[in-house]
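J.: A single structure is presented below for examination.
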Amino acid sequence: MLIKIKKTSDICPSEITSESVYSSRRSFIAGATAGVGLMAAGISPFSSAALSTTYPNLITTPYGRGETLTPYDDVTSYNNFYEFGTDKSDPKKYAHEMTVDPWSVSVEGEADKTGVFQLEDLLKGVSLEERIYRLRCVEAWSMVIPWVGLPLNKVLEKFKPNSKAKYVEFETLQRPSEMRGQRSYLTSLEWPYVEGLRIDEAMHPLTILAVGVYGKSMPNQNGAPLRLVVPWKYGFKSIKSIVKIKFTEKRPVTSWEKSGPSEYGFYSNVNPGVDHPRWSQKRERRLPNSLFSPNRIDTAMFNGYADEVASLYRGMDLRKNF
Ligand code: MTE
């Protein structure tokens, strides 16, 4: 299939930031970067002391400049996190039941260095950035979110993956005592939630591990303390509350693929030319919206990141590899 390339810089007029949003945003970031001087106080920004605080000294990046941000309240109250229920409001109601400190991540598989690492050790020495990305859910709604995070490649390189590392598999916490969705019989997913990327997708500079939103630590409902964000793929690839990272030779089978192989593929690149079997993917509902202001916009190939990522899929039939 031919990949129709739309330039990332083609931002719709509706996405241009209003002056008031822009100035309140900049003053917020100024506050964030001035921060509370955690480092100066000898506190790691990933430690329990910092969990509900503002990240200092964030590196600002050009990503998403000029886009209208989805308000914090929408970002943190309209969520998909099936471990806490299938309703959009369930994660905010119940995700506080999940303990996120201490947090460790097991690094396994085809790499020279493997083991179990405390979150602060995993992220040590890497600077945090603000990345404003569009998030397009397979259900045809979308948001624009200012993440706090770091390039995944900077973390993965620390473990020196070997030549057999063709894929990276990720797993979410499985703790039914704190995750009521994992105790429910009404779920369509097997636990733990599993996702995966090809190694070149994982190493791509757009792919990040996020530890916060809006300059602050990650709310539990958004995947605290550590989640993936892959902005050119449908949102379900952006796995939350990660406890395992595994380098593999074989392609991982992901949770959604297992639950509906004809509906959810491994790649799941945002593609308005390939509909979901039960609905169109040509347009999306940008949040916030209402009955009187539906805020429907065209969906862009690779969610508007084609300039950066189309080359990863050159020569591939994206209808077959959906
Ligand atoms: N990760 C886990 N572990 N469990 C989930 O149910 N939902 C996915 C993804 N990551 C999900 C997950 C889906 S379908 C989407 S659209 C995004 O998280 C939503 O992220 P948000 O709630 O922060 O907007």
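Every chain in the structure tokens has a letter given in the order shown (A, B, ...), and although residue numbers restart at 1 in each chain, ligands are simply numbered from 1 in the order shown.
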Within 7 Å of ligand 1, counting only C-alpha atoms and all ligand atoms, which protein or nucleic acid residues do you find, written as a PyMOL selection string?
T.: chain A and resi 75+78-83+136-138+172+193+221-223+234-241
J.: For Pro231 in chain A, list every protein, DNA or RNA residue within 10 Å, evaluated using only C-alpha atoms, and leave out those in the same chain fewer than 3 positions away; present the list as a PDB file with N, CA and C atoms, in the first residue's frame.
T.:
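Now in result.pdb:
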ATOM      1  N   ILE A 132       4.798  17.649  23.948  1.00  0.00           N
ATOM      2  CA  ILE A 132       3.365  17.817  23.694  1.00  0.00           C
ATOM      3  C   ILE A 132       3.006  16.964  22.479  1.00  0.00           C
ATOM      4  N   TYR A 133       2.217  15.927  22.727  1.00  0.00           N
ATOM      5  CA  TYR A 133       1.864  14.984  21.664  1.00  0.00           C
ATOM      6  C   TYR A 133       0.351  14.864  21.542  1.00  0.00           C
ATOM      7  N   ARG A 134      -0.080  14.555  20.319  1.00  0.00           N
ATOM      8  CA  ARG A 134      -1.472  14.163  20.114  1.00  0.00           C
ATOM      9  C   ARG A 134      -1.614  12.689  20.497  1.00  0.00           C
ATOM     10  N   LEU A 135      -2.697  12.346  21.184  1.00  0.00           N
ATOM     11  CA  LEU A 135      -2.990  10.943  21.517  1.00  0.00           C
ATOM     12  C   LEU A 135      -4.282  10.590  20.804  1.00  0.00           C
ATOM     13  N   ARG A 136      -4.217   9.631  19.888  1.00  0.00           N
ATOM     14  CA  ARG A 136      -5.406   9.250  19.105  1.00  0.00           C
ATOM     15  C   ARG A 136      -5.805   7.846  19.520  1.00  0.00           C
ATOM     16  N   LEU A 206      10.836   9.733  18.784  1.00  0.00           N
ATOM     17  CA  LEU A 206       9.512  10.198  19.227  1.00  0.00           C
ATOM     18  C   LEU A 206       8.949   9.340  20.367  1.00  0.00           C
ATOM     19  N   THR A 207       9.451   8.123  20.519  1.00  0.00           N
ATOM     20  CA  THR A 207       8.893   7.200  21.524  1.00  0.00           C
ATOM     21  C   THR A 207       9.439   7.567  22.898  1.00  0.00           C
ATOM     22  N   ILE A 208       8.531   7.798  23.838  1.00  0.00           N
ATOM     23  CA  ILE A 208       8.997   8.194  25.176  1.00  0.00           C
ATOM     24  C   ILE A 208       8.426   7.303  26.280  1.00  0.00           C
ATOM     25  N   LEU A 228       4.368   4.132  28.624  1.00  0.00           N
ATOM     26  CA  LEU A 228       4.906   4.358  27.289  1.00  0.00           C
ATOM     27  C   LEU A 228       4.020   5.375  26.568  1.00  0.00           C
ATOM     28  N   TYR A 234      -2.163   4.023  17.656  1.00  0.00           N
ATOM     29  CA  TYR A 234      -3.370   4.129  18.467  1.00  0.00           C
ATOM     30  C   TYR A 234      -3.000   4.017  19.947  1.00  0.00           C
ATOM     31  N   GLY A 235      -3.793   4.709  20.764  1.00  0.00           N
ATOM     32  CA  GLY A 235      -3.457   4.874  22.185  1.00  0.00           C
ATOM     33  C   GLY A 235      -3.215   3.591  22.949  1.00  0.00           C
ATOM     34  N   LYS A 237      -1.413   1.185  22.332  1.00  0.00           N
ATOM     35  CA  LYS A 237      -0.003   0.776  22.343  1.00  0.00           C
ATOM     36  C   LYS A 237       0.738   1.430  23.505  1.00  0.00           C
ATOM     37  N   SER A 238       0.206   2.549  24.012  1.00  0.00           N
ATOM     38  CA  SER A 238       0.898   3.320  25.059  1.00  0.00           C
ATOM     39  C   SER A 238       0.572   2.716  26.430  1.00  0.00           C
ATOM     40  N   ASN A 269      -0.705   1.436  13.692  1.00  0.00           N
ATOM     41  CA  ASN A 269      -0.363   2.812  13.342  1.00  0.00           C
ATOM     42  C   ASN A 269      -1.650   3.566  13.010  1.00  0.00           C
ATOM     43  N   VAL A 270      -1.745   4.793  13.460  1.00  0.00           N
ATOM     44  CA  VAL A 270      -2.935   5.588  13.130  1.00  0.00           C
ATOM     45  C   VAL A 270      -3.007   5.716  11.606  1.00  0.00           C
ATOM     46  N   PHE A 302      -0.492   8.441  10.366  1.00  0.00           N
ATOM     47  CA  PHE A 302       0.475   8.350  11.473  1.00  0.00           C
ATOM     48  C   PHE A 302       0.228   9.465  12.499  1.00  0.00           C
ATOM     49  N   ASN A 303      -1.041   9.834  12.654  1.00  0.00           N
ATOM     50  CA  ASN A 303      -1.443  10.855  13.627  1.00  0.00           C
ATOM     51  C   ASN A 303      -0.705  12.180  13.411  1.00  0.00           C
ATOM     52  N   GLY A 304      -0.288  12.427  12.155  1.00  0.00           N
ATOM     53  CA  GLY A 304       0.402  13.675  11.837  1.00  0.00           C
ATOM     54  C   GLY A 304       1.913  13.605  12.007  1.00  0.00           C
ATOM     55  N   TYR A 305       2.454  12.435  12.316  1.00  0.00           N
ATOM     56  CA  TYR A 305       3.905  12.294  12.511  1.00  0.00           C
ATOM     57  C   TYR A 305       4.570  11.569  11.334  1.00  0.00           C
TER      58      TYR A 305
END
J.: Would you mind listing what lies within 10 Å of Thr99 in chain A as a ChimeraX atom specification, with only C-alpha atoms counted and same-chain residues fewer than 3 positions away left out?
T.: /A:95-96,102-103,175,178-179,220,224-225
J.: Please return as number ranges by chain: the residues of range 42-227 of chain A that backbone DSSP assigns to strand (DSSP E or B).
T.: A: 54, 59-60, 67, 104-109, 111, 115-118, 129-136, 141-151, 161, 167-172, 194-198, 208-213, 216-217, 227
J.: Atoms to include: C-alpha atoms. Write the selected residues as a compact mmCIF listing (two decimals), in the first residue's frame.
T.:
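Contents of the output file selection_38.txt:
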# COMPACT_ATOMS: atom_id res chain seq x y z
CA THR A 54 6.17 19.52 40.02
CA ILE A 59 13.74 20.61 28.86
CA THR A 60 11.23 22.20 26.51
CA GLU A 67 -1.40 23.06 19.58
CA SER A 104 10.63 -1.57 40.27
CA VAL A 105 10.95 -2.70 36.67
CA SER A 106 12.31 -6.06 35.58
CA VAL A 107 14.51 -5.85 32.48
CA GLU A 108 14.82 -9.21 30.75
CA GLY A 109 15.78 -11.02 27.58
CA ALA A 111 20.52 -7.73 26.42
CA GLY A 115 17.84 -7.46 36.32
CA VAL A 116 15.31 -5.78 38.55
CA PHE A 117 15.78 -2.03 38.89
CA GLN A 118 14.21 0.50 41.20
CA GLU A 129 11.61 16.74 28.73
CA GLU A 130 8.22 18.20 28.02
CA ARG A 131 6.70 16.55 24.92
CA ILE A 132 3.37 17.82 23.69
CA TYR A 133 1.86 14.98 21.66
CA ARG A 134 -1.47 14.16 20.11
CA LEU A 135 -2.99 10.94 21.52
CA ARG A 136 -5.41 9.25 19.10
CA TRP A 141 -11.36 10.32 20.12
CA SER A 142 -8.18 12.29 20.66
CA MET A 143 -6.41 14.68 23.01
CA VAL A 144 -3.30 16.87 23.02
CA ILE A 145 -1.25 16.11 26.13
CA PRO A 146 1.87 17.76 27.55
CA TRP A 147 3.80 14.74 28.81
CA VAL A 148 6.82 14.82 31.06
CA GLY A 149 9.14 12.08 29.91
CA LEU A 150 12.35 10.89 28.39
CA PRO A 151 13.22 9.15 25.14
CA PRO A 161 20.42 -5.02 23.75
CA TYR A 167 11.33 -6.50 19.57
CA VAL A 168 10.63 -4.99 22.97
CA GLU A 169 7.79 -6.34 25.07
CA PHE A 170 6.21 -4.38 27.92
CA GLU A 171 4.01 -5.56 30.77
CA THR A 172 1.74 -3.68 33.19
CA VAL A 194 1.06 -6.73 27.32
CA GLU A 195 2.27 -4.47 24.53
CA GLY A 196 5.18 -4.54 22.14
CA LEU A 197 7.17 -2.57 19.60
CA ARG A 198 9.67 -3.45 16.92
CA ILE A 208 9.00 8.19 25.18
CA LEU A 209 8.58 6.83 28.65
CA ALA A 210 6.38 9.30 30.48
CA VAL A 211 6.52 10.01 34.20
CA GLY A 212 4.12 12.95 34.32
CA VAL A 213 1.64 15.26 32.64
CA LYS A 216 3.55 17.24 37.43
CA SER A 217 3.95 13.61 38.45
CA ARG A 227 4.09 4.53 30.94
J.: Could you tell me which of A:Leu156, A:Val243, A:Val126, A:Leu173 comes closest to Asp200 in chain A if we count only C-alpha atoms?
T.: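 Result for the nearest residue to Asp200 in chain A: A:Leu156.
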J.: Please give the complete set of residues from range 63-237 of chain A that DSSP, run on the backbone, assigns to helix (DSSP H, G or I), formatted as a PyMOL selection string.
T.: chain A and resi 72-75+82-84+90-97+119-122+152-159+180-183+199-202+220-222+235-237
J.: Could you dump the residues just selected with N, CA and C atoms as a CSV table (one decimal), in the first residue's frame?
T.:
chain,number,residue,atom,x,y,z
A,72,TYR,N,-6.3,19.8,31.7
A,72,TYR,CA,-5.8,18.8,32.7
A,72,TYR,C,-7.0,17.9,33.2
A,73,ASP,N,-8.1,18.5,33.5
A,73,ASP,CA,-9.3,17.8,34.0
A,73,ASP,C,-9.8,16.7,33.0
A,74,ASP,N,-9.7,17.0,31.7
A,74,ASP,CA,-10.1,16.0,30.8
A,74,ASP,C,-9.1,14.9,30.6
A,75,VAL,N,-7.8,15.3,30.6
A,75,VAL,CA,-6.7,14.3,30.5
A,75,VAL,C,-6.7,13.3,31.6
A,82,TYR,N,-8.2,-0.5,31.8
A,82,TYR,CA,-9.1,-1.5,32.0
A,82,TYR,C,-8.8,-2.3,33.3
A,83,GLU,N,-7.6,-2.2,33.9
A,83,GLU,CA,-7.3,-2.8,35.1
A,83,GLU,C,-8.2,-2.2,36.3
A,84,PHE,N,-8.8,-1.0,36.0
A,84,PHE,CA,-9.7,-0.4,37.0
A,84,PHE,C,-11.2,-0.4,36.6
A,90,ASP,N,-13.9,5.2,35.5
A,90,ASP,CA,-13.4,4.2,36.5
A,90,ASP,C,-12.0,4.5,36.9
A,91,PRO,N,-11.1,4.7,36.0
A,91,PRO,CA,-9.7,4.9,36.4
A,91,PRO,C,-9.5,6.0,37.5
A,92,LYS,N,-10.1,7.1,37.2
A,92,LYS,CA,-10.0,8.2,38.2
A,92,LYS,C,-10.5,7.8,39.6
A,93,LYS,N,-11.7,7.1,39.5
A,93,LYS,CA,-12.3,6.7,40.8
A,93,LYS,C,-11.5,5.7,41.5
A,94,TYR,N,-10.8,4.8,40.8
A,94,TYR,CA,-10.3,3.6,41.5
A,94,TYR,C,-8.7,3.5,41.5
A,95,ALA,N,-8.1,4.2,40.6
A,95,ALA,CA,-6.6,3.9,40.4
A,95,ALA,C,-5.8,4.4,41.6
A,96,HIS,N,-6.4,5.2,42.5
A,96,HIS,CA,-5.6,5.5,43.7
A,96,HIS,C,-5.4,4.3,44.6
A,97,GLU,N,-6.1,3.2,44.3
A,97,GLU,CA,-6.0,2.0,45.1
A,97,GLU,C,-4.6,1.3,44.8
A,119,LEU,N,12.8,2.2,40.2
A,119,LEU,CA,12.5,3.2,39.2
A,119,LEU,C,13.6,4.3,39.1
A,120,GLU,N,14.0,4.8,40.3
A,120,GLU,CA,15.0,5.9,40.3
A,120,GLU,C,16.3,5.5,39.6
A,121,ASP,N,16.7,4.2,39.8
A,121,ASP,CA,17.9,3.7,39.2
A,121,ASP,C,17.7,3.6,37.7
A,122,LEU,N,16.6,3.1,37.3
A,122,LEU,CA,16.3,2.9,35.8
A,122,LEU,C,16.4,4.2,35.1
A,152,LEU,N,12.6,6.8,25.2
A,152,LEU,CA,12.8,5.4,25.6
A,152,LEU,C,14.2,4.9,25.2
A,153,ASN,N,14.7,5.4,24.0
A,153,ASN,CA,16.0,4.8,23.6
A,153,ASN,C,17.1,5.1,24.6
A,154,LYS,N,17.0,6.2,25.3
A,154,LYS,CA,18.0,6.5,26.3
A,154,LYS,C,18.0,5.5,27.5
A,155,VAL,N,16.9,5.0,27.8
A,155,VAL,CA,16.8,4.0,28.9
A,155,VAL,C,17.2,2.6,28.3
A,156,LEU,N,16.7,2.3,27.1
A,156,LEU,CA,17.0,0.9,26.6
A,156,LEU,C,18.5,0.7,26.3
A,157,GLU,N,19.1,1.8,25.8
A,157,GLU,CA,20.6,1.7,25.5
A,157,GLU,C,21.4,1.3,26.7
A,158,LYS,N,21.0,1.7,27.9
A,158,LYS,CA,21.7,1.4,29.1
A,158,LYS,C,21.9,-0.1,29.3
A,159,PHE,N,20.9,-0.9,28.7
A,159,PHE,CA,20.9,-2.4,29.0
A,159,PHE,C,21.7,-3.1,27.8
A,180,ARG,N,-9.2,-3.4,40.6
A,180,ARG,CA,-10.5,-4.1,40.7
A,180,ARG,C,-10.9,-4.7,39.3
A,181,GLY,N,-10.4,-4.1,38.2
A,181,GLY,CA,-10.7,-4.6,36.9
A,181,GLY,C,-10.1,-6.0,36.7
A,182,GLN,N,-9.0,-6.3,37.4
A,182,GLN,CA,-8.4,-7.6,37.2
A,182,GLN,C,-9.1,-8.7,38.0
A,183,ARG,N,-10.0,-8.2,38.9
A,183,ARG,CA,-10.9,-9.2,39.7
A,183,ARG,C,-12.2,-9.4,39.0
A,199,ILE,N,12.0,-3.2,17.5
A,199,ILE,CA,13.1,-2.4,18.2
A,199,ILE,C,13.4,-1.1,17.6
A,200,ASP,N,13.2,-0.9,16.2
A,200,ASP,CA,13.4,0.4,15.6
A,200,ASP,C,12.3,1.4,16.0
A,201,GLU,N,11.1,0.9,16.3
A,201,GLU,CA,10.0,1.7,16.7
A,201,GLU,C,10.3,2.2,18.2
A,202,ALA,N,10.8,1.2,19.0
A,202,ALA,CA,11.2,1.5,20.4
A,202,ALA,C,12.3,2.5,20.5
A,220,ASN,N,-2.2,8.4,38.9
A,220,ASN,CA,-2.4,6.9,38.7
A,220,ASN,C,-3.2,6.5,37.5
A,221,GLN,N,-4.3,7.2,37.3
A,221,GLN,CA,-5.2,6.9,36.2
A,221,GLN,C,-4.6,7.0,34.8
A,222,ASN,N,-3.5,7.8,34.7
A,222,ASN,CA,-2.8,7.9,33.5
A,222,ASN,C,-1.6,6.9,33.3
A,235,GLY,N,-3.8,4.7,20.8
A,235,GLY,CA,-3.5,4.9,22.2
A,235,GLY,C,-3.2,3.6,22.9
A,236,PHE,N,-3.8,2.5,22.5
A,236,PHE,CA,-3.7,1.2,23.3
A,236,PHE,C,-2.2,0.7,23.3
A,237,LYS,N,-1.4,1.2,22.3
A,237,LYS,CA,0.0,0.8,22.3
A,237,LYS,C,0.7,1.4,23.5
